[in-house]
>>> print(open('model30.cif').read())   # mmCIF, C-alpha atoms
data_query
loop_
_atom_site.label_atom_id
_atom_site.label_comp_id
_atom_site.auth_asym_id
_atom_site.auth_seq_id
_atom_site.Cartn_x
_atom_site.Cartn_y
_atom_site.Cartn_z
CA MET A 1 -43.59 -22.20 -33.42
CA PHE A 2 -42.20 -19.38 -35.61
CA PHE A 3 -42.57 -16.88 -32.76
CA PHE A 4 -40.92 -19.32 -30.36
CA TYR A 5 -37.77 -19.55 -32.49
CA LEU A 6 -37.83 -15.83 -33.16
CA PHE A 7 -37.91 -15.20 -29.40
CA ARG A 8 -35.01 -17.61 -28.84
CA PHE A 9 -33.01 -15.97 -31.63
CA LYS A 10 -33.67 -12.57 -30.15
CA ARG A 11 -32.57 -13.72 -26.69
CA TRP A 12 -29.37 -15.31 -28.05
CA GLY A 13 -28.75 -12.16 -30.05
CA GLU A 14 -28.98 -10.08 -26.90
CA ILE A 15 -26.64 -12.45 -25.10
CA LEU A 16 -24.16 -12.39 -27.97
CA PHE A 17 -24.31 -8.59 -28.05
CA THR A 18 -23.67 -8.44 -24.30
CA ILE A 19 -20.71 -10.81 -24.54
CA THR A 20 -19.23 -8.88 -27.47
CA LYS A 21 -19.62 -5.61 -25.57
CA ALA A 22 -17.93 -7.10 -22.52
CA ILE A 23 -15.02 -8.38 -24.62
CA LYS A 24 -14.60 -4.94 -26.15
CA GLU A 25 -14.59 -3.35 -22.71
CA MET A 26 -12.01 -5.87 -21.49
CA SER A 27 -9.90 -5.15 -24.55
CA LYS A 28 -10.20 -1.44 -23.85
CA GLU A 29 -9.04 -2.02 -20.28
CA SER A 30 -6.09 -4.15 -21.40
CA ASP A 31 -5.01 -1.46 -23.85
CA ARG A 32 -4.51 0.98 -21.01
CA ILE A 33 -1.04 1.34 -19.57
CA TRP A 34 -2.29 0.57 -16.06
CA ASP A 35 -5.18 0.70 -13.64
CA VAL A 36 -5.47 3.71 -11.31
CA SER A 37 -5.65 1.41 -8.26
CA ARG A 38 -1.92 0.74 -8.76
CA LEU A 39 -1.00 4.42 -8.73
CA ILE A 40 0.27 5.75 -5.39
CA CYS A 41 0.00 9.42 -4.53
CA GLY A 42 3.46 10.52 -3.44
CA CYS A 43 2.92 13.16 -0.76
CA ALA A 44 6.45 14.58 -0.55
CA ALA A 45 5.32 17.28 -2.98
CA LEU A 46 2.76 18.52 -0.44
CA ALA A 47 5.66 19.65 1.76
CA GLY A 48 7.06 21.81 -1.03
CA LEU A 49 9.78 19.63 -2.55
CA TYR A 50 12.09 22.15 -4.29
CA SER A 51 9.32 24.78 -4.46
CA ALA A 52 6.44 25.94 -2.27
CA ALA A 53 3.21 23.93 -2.42
CA PRO A 54 0.26 26.18 -1.45
CA TYR A 55 -1.85 24.63 1.30
CA GLU A 56 -5.25 24.83 -0.42
CA LEU A 57 -3.94 23.35 -3.66
CA GLY A 58 -2.40 20.48 -1.76
CA GLN A 59 -5.61 19.73 0.11
CA ASP A 60 -7.58 19.89 -3.15
CA ALA A 61 -5.07 17.49 -4.70
CA LEU A 62 -5.78 14.91 -2.00
CA HIS A 63 -9.53 15.26 -2.53
CA GLU A 64 -9.10 14.95 -6.31
CA ALA A 65 -6.98 11.84 -5.83
CA ILE A 66 -9.71 10.16 -3.79
CA ALA A 67 -12.33 11.16 -6.36
CA SER A 68 -10.14 9.76 -9.16
CA GLY A 69 -9.85 6.33 -7.56
CA ILE A 70 -6.39 6.63 -5.99
CA THR A 71 -6.43 4.80 -2.66
CA TRP A 72 -2.79 4.67 -1.53
CA PHE A 73 -0.97 7.71 -0.12
CA ASP A 74 2.72 7.57 0.78
CA MET A 75 4.60 9.83 3.21
CA ALA A 76 7.75 10.03 5.34
CA PRO A 77 8.99 12.04 8.32
CA TRP A 78 11.76 13.33 6.04
CA TYR A 79 9.23 15.13 3.82
CA GLY A 80 9.27 18.59 5.32
CA ALA A 81 10.21 17.38 8.84
CA GLY A 82 6.82 15.70 9.23
CA LEU A 83 4.85 18.35 7.33
CA ALA A 84 3.70 15.95 4.59
CA GLU A 85 2.30 13.54 7.17
CA ARG A 86 0.38 16.29 8.92
CA LEU A 87 -1.03 17.75 5.69
CA THR A 88 -2.02 14.32 4.36
CA GLY A 89 -3.75 13.45 7.61
CA GLU A 90 -5.69 16.73 7.48
CA GLY A 91 -6.68 16.35 3.84
CA LEU A 92 -7.84 12.76 4.22
CA ARG A 93 -9.45 13.16 7.65
CA THR A 94 -13.01 12.45 6.47
CA ALA A 95 -11.93 9.57 4.25
CA ILE A 96 -9.90 8.05 7.11
CA GLU A 97 -12.67 8.34 9.69
CA CYS A 98 -15.32 6.94 7.35
CA ARG A 99 -12.87 4.47 5.77
CA GLN A 100 -14.18 5.50 2.39
CA PRO A 101 -13.09 4.13 0.07
CA SER A 102 -12.77 0.85 1.94
CA THR A 103 -9.48 0.19 0.18
CA LEU A 104 -7.89 3.41 1.51
CA ARG A 105 -4.40 2.88 2.86
CA LEU A 106 -1.48 4.96 4.00
CA SER A 107 2.22 4.25 4.17
CA THR A 108 5.07 6.08 5.80
CA LYS A 109 8.68 5.46 6.66
CA VAL A 110 10.91 5.00 9.67
CA GLY A 111 14.55 5.78 10.33
CA ARG A 112 14.15 9.44 11.26
CA ILE A 113 12.55 11.09 14.25
CA ILE A 114 11.56 14.76 14.34
CA GLN A 115 13.07 16.89 17.10
CA ARG A 116 13.07 20.53 18.08
CA THR A 117 16.05 22.23 16.50
CA VAL A 118 17.08 23.84 19.78
CA GLU A 119 17.38 20.41 21.39
CA CYS A 120 19.89 19.15 18.80
CA GLU A 121 23.66 19.34 19.07
CA ALA A 122 25.08 21.61 16.38
CA ASN A 123 27.75 19.08 15.40
CA ASP A 124 25.50 15.97 15.40
CA PRO A 125 25.88 14.41 11.92
CA ARG A 126 22.53 12.67 12.26
CA VAL A 127 20.64 15.98 12.19
CA ALA A 128 19.46 17.38 8.84
CA PHE A 129 19.79 21.07 9.67
CA ASN A 130 19.72 21.80 5.90
CA ILE A 131 16.32 20.26 5.23
CA GLY A 132 15.11 23.66 4.06
CA HIS A 133 17.35 23.23 1.03
CA TRP A 134 15.00 20.55 -0.28
CA PHE A 135 11.62 21.39 1.21
CA LYS A 136 10.02 24.84 0.99
CA GLY A 137 6.77 24.19 2.86
CA THR A 138 3.46 25.72 1.81
CA ASP A 139 4.65 29.31 1.62
CA GLY A 140 8.25 29.13 0.45
CA THR A 141 9.97 28.68 3.83
CA LEU A 142 9.95 25.52 5.90
CA ASP A 143 9.47 26.02 9.65
CA PRO A 144 13.04 25.85 11.04
CA ALA A 145 11.85 24.91 14.53
CA PHE A 146 11.89 21.16 13.76
CA VAL A 147 14.45 18.93 12.04
CA PRO A 148 14.72 15.26 11.08
CA VAL A 149 17.28 13.16 12.95
CA HIS A 150 18.50 9.78 11.73
CA ASP A 151 17.73 7.00 14.20
CA TYR A 152 17.78 3.38 13.04
CA THR A 153 17.82 1.83 16.51
CA TYR A 154 14.97 -0.31 17.84
CA GLN A 155 13.78 2.54 20.06
CA GLY A 156 14.22 5.05 17.25
CA VAL A 157 12.01 3.09 14.85
CA MET A 158 9.34 2.67 17.51
CA GLU A 159 9.44 6.40 18.24
CA SER A 160 9.33 7.23 14.54
CA TYR A 161 6.18 5.12 14.20
CA ARG A 162 4.59 6.76 17.25
CA GLN A 163 5.32 10.25 16.00
CA SER A 164 3.94 9.49 12.54
CA ILE A 165 0.68 8.17 13.97
CA GLU A 166 0.38 11.37 15.99
CA ARG A 167 1.17 13.70 13.09
CA MET A 168 -1.33 11.98 10.82
CA GLY A 169 -3.97 12.34 13.51
CA LEU A 170 -4.69 8.62 13.67
CA THR A 171 -6.49 7.18 16.66
CA PRO A 172 -6.76 3.58 17.89
CA ALA A 173 -9.97 3.38 15.85
CA THR A 174 -8.37 4.62 12.63
CA ALA A 175 -4.73 3.49 12.95
CA GLY A 176 -5.49 0.41 10.86
CA VAL A 177 -5.45 2.58 7.74
CA LEU A 178 -1.65 2.72 8.08
CA ASP A 179 -0.86 -0.27 5.90
CA THR A 180 2.91 -0.27 5.28
CA LEU A 181 6.10 0.95 6.96
CA PHE A 182 9.33 1.32 5.01
CA LEU A 183 12.86 1.56 6.40
CA HIS A 184 13.97 4.82 4.79
CA ASP A 185 17.35 5.84 3.31
CA CYS A 186 19.40 3.36 5.32
CA GLU A 187 22.19 3.64 2.79
CA THR A 188 25.52 4.22 4.51
CA GLU A 189 27.66 1.66 6.28
CA GLU A 190 27.05 3.35 9.63
CA ARG A 191 23.27 3.43 9.23
CA TYR A 192 23.23 -0.16 7.96
CA ALA A 193 25.24 -1.35 10.97
CA VAL A 194 22.83 0.33 13.41
CA ALA A 195 19.72 -0.95 11.62
CA THR A 196 20.96 -4.55 11.59
CA GLN A 197 22.58 -4.89 15.03
CA ASP A 198 21.02 -6.95 17.84
CA ARG A 199 17.61 -5.55 18.77
CA SER A 200 17.82 -3.37 15.67
CA GLY A 201 15.57 -1.06 13.75
CA VAL A 202 14.64 -3.85 11.36
CA GLU A 203 13.63 -6.01 14.32
CA ALA A 204 11.37 -3.17 15.46
CA LEU A 205 9.69 -3.21 12.04
CA ILE A 206 9.20 -6.95 12.27
CA GLU A 207 7.74 -6.54 15.77
CA LEU A 208 5.30 -3.82 14.63
CA LYS A 209 4.02 -6.16 11.95
CA ARG A 210 3.81 -9.06 14.41
CA GLN A 211 1.71 -6.89 16.72
CA GLY A 212 -0.65 -6.08 13.86
CA LYS A 213 0.23 -2.38 13.86
CA VAL A 214 0.90 -2.57 10.11
CA LYS A 215 0.19 -5.19 7.48
CA LYS A 216 3.41 -4.91 5.51
CA ILE A 217 7.01 -3.84 6.06
CA GLY A 218 9.70 -3.05 3.56
CA LEU A 219 12.49 -0.83 2.31
CA GLY A 220 12.40 2.70 0.90
CA MET A 221 15.73 3.14 -0.88
CA SER A 222 17.53 4.77 -3.76
CA ILE A 223 20.79 2.80 -3.68
CA SER A 224 20.32 -0.71 -5.01
CA SER A 225 23.35 -2.26 -3.34
CA PHE A 226 21.99 -1.56 0.15
CA ALA A 227 18.50 -2.72 -0.76
CA LEU A 228 20.00 -5.97 -1.98
CA ARG A 229 21.91 -6.46 1.27
CA PHE A 230 18.74 -6.05 3.32
CA LEU A 231 16.85 -8.44 1.05
CA HIS A 232 19.52 -11.09 1.51
CA LYS A 233 19.86 -10.61 5.28
CA TYR A 234 16.13 -10.55 6.01
CA LYS A 235 14.89 -12.99 3.40
CA GLY A 236 11.30 -13.97 4.13
CA PHE A 237 10.58 -10.98 6.38
CA LEU A 238 10.16 -8.13 3.89
CA ASP A 239 7.00 -7.64 1.87
CA SER A 240 7.80 -4.63 -0.27
CA VAL A 241 10.61 -2.53 -1.72
CA MET A 242 10.02 1.07 -2.72
CA LEU A 243 12.87 1.69 -5.14
CA ALA A 244 13.53 5.30 -6.11
CA GLY A 245 15.22 6.36 -9.34
CA GLN A 246 16.75 2.95 -10.07
CA TRP A 247 14.38 1.53 -12.70
CA ASN A 248 13.54 3.96 -15.46
CA LEU A 249 14.72 4.87 -18.97
CA MET A 250 17.63 6.85 -17.53
CA ASP A 251 18.83 4.32 -14.96
CA THR A 252 18.38 0.55 -14.71
CA THR A 253 20.83 -0.12 -11.88
CA GLY A 254 17.92 -1.46 -9.84
CA GLN A 255 17.76 -4.56 -12.02
CA CYS A 256 19.52 -6.68 -9.39
CA VAL A 257 16.90 -5.63 -6.82
CA LEU A 258 14.00 -6.44 -9.14
CA GLU A 259 15.48 -9.86 -9.87
CA GLU A 260 15.90 -10.62 -6.16
CA CYS A 261 12.37 -9.38 -5.39
CA LYS A 262 11.03 -11.59 -8.17
CA SER A 263 12.88 -14.55 -6.66
CA GLN A 264 11.55 -13.86 -3.15
CA GLY A 265 8.01 -12.84 -4.11
CA VAL A 266 8.52 -9.29 -2.79
CA GLU A 267 6.49 -6.54 -4.46
CA VAL A 268 8.28 -3.56 -6.01
CA ILE A 269 6.98 0.00 -5.92
CA ASN A 270 8.70 2.00 -8.63
CA VAL A 271 9.43 5.64 -7.78
CA GLY A 272 11.17 8.34 -9.81
CA ILE A 273 9.95 6.86 -13.07
CA PHE A 274 10.40 10.15 -14.95
CA GLY A 275 14.02 10.65 -13.90
CA GLY A 276 13.29 13.59 -11.65
CA GLY A 277 11.17 15.21 -14.34
CA LEU A 278 13.67 14.95 -17.20
CA LEU A 279 11.57 12.36 -19.03
CA PHE A 280 8.55 14.61 -18.64
CA GLY A 281 10.20 17.43 -20.52
CA GLN A 282 10.93 19.47 -17.42
CA VAL A 283 14.17 21.15 -16.41
CA ALA A 284 14.72 19.31 -13.18
CA LYS A 285 17.14 17.79 -10.74
CA TYR A 286 18.43 14.32 -11.46
CA GLN A 287 19.03 12.31 -8.29
CA TYR A 288 19.00 15.59 -6.34
CA GLU A 289 21.74 17.14 -8.49
CA ASP A 290 21.93 19.16 -11.69
CA PRO A 291 21.96 16.74 -14.66
CA SER A 292 25.44 15.89 -15.93
CA PRO A 293 26.36 16.08 -19.65
CA GLU A 294 26.25 12.26 -19.76
CA VAL A 295 22.72 12.24 -18.35
CA MET A 296 21.60 14.85 -20.87
CA GLN A 297 23.17 12.84 -23.69
CA ARG A 298 21.22 9.74 -22.67
CA LEU A 299 18.07 11.82 -22.42
CA GLY A 300 18.63 13.07 -25.96
CA LYS A 301 18.91 9.51 -27.27
CA TRP A 302 15.60 8.56 -25.68
CA GLN A 303 13.95 11.72 -27.00
CA ASP A 304 15.09 10.83 -30.51
CA PHE A 305 13.94 7.23 -30.12
CA ALA A 306 10.50 8.24 -28.82
CA GLN A 307 10.03 10.64 -31.72
CA ARG A 308 10.87 7.95 -34.27
CA ALA A 309 8.59 5.48 -32.47
CA HIS A 310 5.76 8.05 -32.52
CA ILE A 311 5.29 7.72 -28.77
CA ALA A 312 5.37 10.65 -26.36
CA LEU A 313 8.44 10.35 -24.13
CA PRO A 314 6.42 10.45 -20.85
CA SER A 315 4.23 7.61 -22.17
CA LEU A 316 7.32 5.62 -23.13
CA ALA A 317 8.79 6.23 -19.65
CA LEU A 318 5.58 5.16 -17.96
CA GLY A 319 5.28 2.09 -20.16
CA PHE A 320 8.80 1.01 -19.24
CA ALA A 321 8.28 1.68 -15.53
CA VAL A 322 5.31 -0.68 -15.24
CA ARG A 323 6.15 -3.35 -17.84
CA CYS A 324 8.19 -5.65 -15.57
CA PRO A 325 5.74 -8.00 -13.77
CA VAL A 326 7.46 -7.63 -10.37
CA VAL A 327 6.56 -3.91 -10.34
CA LYS A 328 3.15 -3.87 -8.66
CA TYR A 329 2.76 -0.12 -8.06
CA ILE A 330 4.21 3.21 -9.10
CA ALA A 331 4.36 6.31 -6.90
CA ILE A 332 4.22 9.78 -8.44
CA GLY A 333 4.35 13.08 -6.57
CA MET A 334 1.19 15.18 -6.73
CA SER A 335 0.57 18.55 -5.09
CA THR A 336 -2.24 20.06 -7.18
CA PRO A 337 -5.51 18.76 -8.65
CA ASP A 338 -4.05 19.23 -12.14
CA HIS A 339 -1.14 16.96 -11.24
CA VAL A 340 -3.62 14.28 -10.20
CA LYS A 341 -5.73 14.60 -13.35
CA ARG A 342 -2.65 14.53 -15.58
CA ASN A 343 -1.20 11.42 -13.96
CA VAL A 344 -4.50 9.54 -13.97
CA ALA A 345 -5.05 10.48 -17.63
CA MET A 346 -1.64 9.08 -18.54
CA LEU A 347 -2.77 5.64 -17.40
CA GLU A 348 -5.47 5.73 -20.08
CA GLN A 349 -2.89 5.77 -22.87
CA PRO A 350 -2.17 2.62 -24.89
CA VAL A 351 0.55 0.24 -23.79
CA PRO A 352 3.76 0.51 -25.87
CA PRO A 353 4.10 -2.79 -27.78
CA ASP A 354 6.94 -5.12 -26.82
CA SER A 355 8.46 -4.54 -30.26
CA VAL A 356 9.37 -1.04 -29.05
CA TRP A 357 11.59 -2.46 -26.31
CA HIS A 358 13.22 -4.88 -28.73
CA ARG A 359 14.07 -1.95 -31.00
CA ALA A 360 15.43 0.04 -28.05
CA ALA A 361 17.68 -2.88 -27.14
CA ALA A 362 18.83 -3.22 -30.74
CA GLU A 363 19.87 0.44 -30.65
CA GLY A 364 21.83 -0.04 -27.43
CA LEU A 365 19.42 1.86 -25.19
CA LEU A 366 18.63 -1.26 -23.15
CA SER A 367 20.91 -4.20 -22.36
CA ALA A 368 19.92 -7.74 -23.27
CA ASP A 369 19.56 -8.60 -19.57
CA THR A 370 17.34 -5.58 -18.95
CA LEU A 371 15.15 -6.51 -21.92
CA SER A 372 14.84 -10.08 -20.66
CA LEU A 373 13.73 -8.96 -17.19
CA LEU A 374 11.43 -6.30 -18.60
CA LEU A 375 9.51 -8.79 -20.72
CA SER A 376 9.69 -11.74 -18.30
#
>>> encode(input="model30.cif", output="structure tokens")
Amino acid sequence: MFFFYLFRFKRWGEILFTITKAIKEMSKESDRIWDVSRLICGCAALAGLYSAAPYELGQDALHEAIASGITWFDMAPWYGAGLAERLTGEGLRTAIECRQPSTLRLSTKVGRIIQRTVECEANDPRVAFNIGHWFKGTDGTLDPAFVPVHDYTYQGVMESYRQSIERMGLTPATAGVLDTLFLHDCETEERYAVATQDRSGVEALIELKRQGKVKKIGLGMSISSFALRFLHKYKGFLDSVMLAGQWNLMDTTGQCVLEECKSQGVEVINVGIFGGGLLFGQVAKYQYEDPSPEVMQRLGKWQDFAQRAHIALPSLALGFAVRCPVVKYIAIGMSTPDHVKRNVAMLEQPVPPDSVWHRAAAEGLLSADTLSLLLS
């Protein structure tokens, strides 16, 4: 009888040990800022955004991302006049054909088609002849033979989709890996009017989803007022909003969009969470321009706050970017294996406690409304 009870005690002891270990592991997971499955690899950097991105490093970055557990890769025709789509398709060719990992998915954007420069009218305002100002390609100079052209018509969106499929090298057997299409940069009155007219670009998006060409459709925008107008006009049709530079420590003007997305059940993908690199300690552009004195002053206040809170500023920025429940993913540009490793490692850091955000609000760095949404 003694040995019987000893055996039972031993078994319960093992069970208790296993449960305790599992709880500790769960606690460890919950202490992390986020899970890597919610990190999107932004592929604009592969096309040399602001500076050249060597080809081999870019391809290695894609392989490192897959190895690190990143499964979502985002592109756009705008990124290097289609270069990012082509490079991403090449780097992920094996993963796409084998569908490994099984959760692999791609997203791209519509609203621009790529044309030969010689075929474009010199005075056509829809043509981005100056794309080389932003994108430097893999060797410092973007191929000038092709340029992006704004086209938010029904036919233009369909052609944009067709071209993207071709550039990524997708076939009928592999096209299902393209998960989401975003309407990109439709942020002037003229573009908005074209995209929302009868038989419009948005209707083309809806049709592509209806046909099963993509699973989700949404907006890729950096001006909140236009995103909000689309959300109101097409309520119930949009699945996702990729909001760039509008919800971070430097700028919370996207709050109205987050609130509307929360109301409609639309997921938010937060982009530009480091304020163009400023919150990462880099001398960088802020919303594609040199930072103004006002921007630098706000940056200084956050630097001082982070130092007093004993939290690295990039960790504080990341913690803010993901804290609001409506934010389901973040997208960060990566063009080298080191970029991938650094960004994945950041997710392992502890979550800033909510008391930090209360203190930031008390010091006037966050409004009461922003704090309420952040912690909702």
>>> resolve_selection(input="model30.cif", expression="the PyMOL selection byres ((chain A and resi 256) around 12)", output="PyMOL selection string")
chain A and resi 223-229+231-232+243+246-247+252-255+257-263+369-370+373
>>> resolve_selection(input="model30.cif", expression="the PyMOL selection byres ((chain A and resi 330-341) around 8)", output="number ranges by chain")
A: 38-46, 53, 57-58, 60-62, 64-65, 68, 74, 269-273, 321-322, 327-329, 342-345
>>> write_last_selection(input="model30.cif", atoms="C-alpha atoms", output="compact mmCIF listing (two decimals), keeping the file's coordinate frame")
# COMPACT_ATOMS: atom_id res chain seq x y z
CA ARG A 38 -1.92 0.74 -8.76
CA LEU A 39 -1.00 4.42 -8.73
CA ILE A 40 0.27 5.75 -5.39
CA CYS A 41 0.00 9.42 -4.53
CA GLY A 42 3.46 10.52 -3.44
CA CYS A 43 2.92 13.16 -0.76
CA ALA A 44 6.45 14.58 -0.55
CA ALA A 45 5.32 17.28 -2.98
CA LEU A 46 2.76 18.52 -0.44
CA ALA A 53 3.21 23.93 -2.42
CA LEU A 57 -3.94 23.35 -3.66
CA GLY A 58 -2.40 20.48 -1.76
CA ASP A 60 -7.58 19.89 -3.15
CA ALA A 61 -5.07 17.49 -4.70
CA LEU A 62 -5.78 14.91 -2.00
CA GLU A 64 -9.10 14.95 -6.31
CA ALA A 65 -6.98 11.84 -5.83
CA SER A 68 -10.14 9.76 -9.16
CA ASP A 74 2.72 7.57 0.78
CA ILE A 269 6.98 0.00 -5.92
CA ASN A 270 8.70 2.00 -8.63
CA VAL A 271 9.43 5.64 -7.78
CA GLY A 272 11.17 8.34 -9.81
CA ILE A 273 9.95 6.86 -13.07
CA ALA A 321 8.28 1.68 -15.53
CA VAL A 322 5.31 -0.68 -15.24
CA VAL A 327 6.56 -3.91 -10.34
CA LYS A 328 3.15 -3.87 -8.66
CA TYR A 329 2.76 -0.12 -8.06
CA ARG A 342 -2.65 14.53 -15.58
CA ASN A 343 -1.20 11.42 -13.96
CA VAL A 344 -4.50 9.54 -13.97
CA ALA A 345 -5.05 10.48 -17.63
>>> closest_residue(input="model30.cif", among="A:Ile96, A:Ile165, A:Met221, A:Ala81", to="Val127 (chain A)", atoms="only C-alpha atoms")
A:Ala81
>>> resolve_selection(input="model30.cif", expression="the PyMOL selection byres ((chain A and resi 239) around 10)", output="list in words")
Thr180, Phe182, Lys215, Lys216, Ile217, Gly218, Leu219, Leu231, Lys235, Gly236, Phe237, Leu238, Ser240, Val241, Cys261, Gln264, Gly265, Val266, Glu267 and Val268 of chain A
>>> closest_residue(input="model30.cif", among="A:Leu371, A:Trp357, A:Ser51, A:Glu294", to="Lys136 (chain A)", atoms="only C-alpha atoms")
A:Ser51
>>> residues_around(input="model30.cif", residues="Val194 (chain A)", least_positions_apart="2", cutoff="12 Å", atoms="all atoms listed in the file", output="PDB file with C-alpha atoms, keeping the file's coordinate frame")
ATOM      1  CA  GLY A 111      14.550   5.780  10.330  1.00  0.00           C
ATOM      2  CA  HIS A 150      18.500   9.780  11.730  1.00  0.00           C
ATOM      3  CA  ASP A 151      17.730   7.000  14.200  1.00  0.00           C
ATOM      4  CA  TYR A 152      17.780   3.380  13.040  1.00  0.00           C
ATOM      5  CA  THR A 153      17.820   1.830  16.510  1.00  0.00           C
ATOM      6  CA  TYR A 154      14.970  -0.310  17.840  1.00  0.00           C
ATOM      7  CA  GLN A 155      13.780   2.540  20.060  1.00  0.00           C
ATOM      8  CA  GLY A 156      14.220   5.050  17.250  1.00  0.00           C
ATOM      9  CA  VAL A 157      12.010   3.090  14.850  1.00  0.00           C
ATOM     10  CA  CYS A 186      19.400   3.360   5.320  1.00  0.00           C
ATOM     11  CA  GLU A 187      22.190   3.640   2.790  1.00  0.00           C
ATOM     12  CA  THR A 188      25.520   4.220   4.510  1.00  0.00           C
ATOM     13  CA  GLU A 189      27.660   1.660   6.280  1.00  0.00           C
ATOM     14  CA  GLU A 190      27.050   3.350   9.630  1.00  0.00           C
ATOM     15  CA  ARG A 191      23.270   3.430   9.230  1.00  0.00           C
ATOM     16  CA  TYR A 192      23.230  -0.160   7.960  1.00  0.00           C
ATOM     17  CA  THR A 196      20.960  -4.550  11.590  1.00  0.00           C
ATOM     18  CA  GLN A 197      22.580  -4.890  15.030  1.00  0.00           C
ATOM     19  CA  ASP A 198      21.020  -6.950  17.840  1.00  0.00           C
ATOM     20  CA  ARG A 199      17.610  -5.550  18.770  1.00  0.00           C
ATOM     21  CA  SER A 200      17.820  -3.370  15.670  1.00  0.00           C
ATOM     22  CA  GLY A 201      15.570  -1.060  13.750  1.00  0.00           C
ATOM     23  CA  VAL A 202      14.640  -3.850  11.360  1.00  0.00           C
ATOM     24  CA  GLU A 203      13.630  -6.010  14.320  1.00  0.00           C
TER      25      GLU A 203
END
>>> atom_distance(input="model30.cif", atom1="CA of Met242 (chain A)", atom2="CA of Gly220 (chain A)")
4.6 Å
>>> atom_distance(input="model30.cif", atom1="CA of Gln287 (chain A)", atom2="CA of Asp185 (chain A)")
13.4 Å
>>> residues_around(input="model30.cif", residues="Thr94 (chain A)", least_positions_apart="5", cutoff="12 Å", atoms="all atoms listed in the file", output="ChimeraX atom specification")
/A:62-63,66,88-89,99-101,104,169-170,174
>>> residues_around(input="model30.cif", residues="region 309-317 of chain A", least_positions_apart="3", cutoff="7 Å", atoms="only C-alpha atoms", output="PDB file with C-alpha atoms, keeping the file's coordinate frame")
ATOM      1  CA  ASN A 248      13.540   3.960 -15.460  1.00  0.00           C
ATOM      2  CA  LEU A 249      14.720   4.870 -18.970  1.00  0.00           C
ATOM      3  CA  ILE A 273       9.950   6.860 -13.070  1.00  0.00           C
ATOM      4  CA  PHE A 274      10.400  10.150 -14.950  1.00  0.00           C
ATOM      5  CA  LEU A 279      11.570  12.360 -19.030  1.00  0.00           C
ATOM      6  CA  PHE A 280       8.550  14.610 -18.640  1.00  0.00           C
ATOM      7  CA  GLN A 303      13.950  11.720 -27.000  1.00  0.00           C
ATOM      8  CA  PHE A 305      13.940   7.230 -30.120  1.00  0.00           C
ATOM      9  CA  ALA A 306      10.500   8.240 -28.820  1.00  0.00           C
ATOM     10  CA  PHE A 320       8.800   1.010 -19.240  1.00  0.00           C
ATOM     11  CA  ALA A 321       8.280   1.680 -15.530  1.00  0.00           C
ATOM     12  CA  PRO A 352       3.760   0.510 -25.870  1.00  0.00           C
TER      13      PRO A 352
END
>>> closest_residue(input="model30.cif", among="A:Ala145, A:Ala195, A:Ala362, A:Ala204", to="Leu83 (chain A)", atoms="only C-alpha atoms")
A:Ala145
>>> closest_residue(input="model30.cif", among="A:Gly80, A:Pro125, A:Pro54, A:Gly176", to="Glu97 (chain A)", atoms="all atoms listed in the file")
A:Gly176
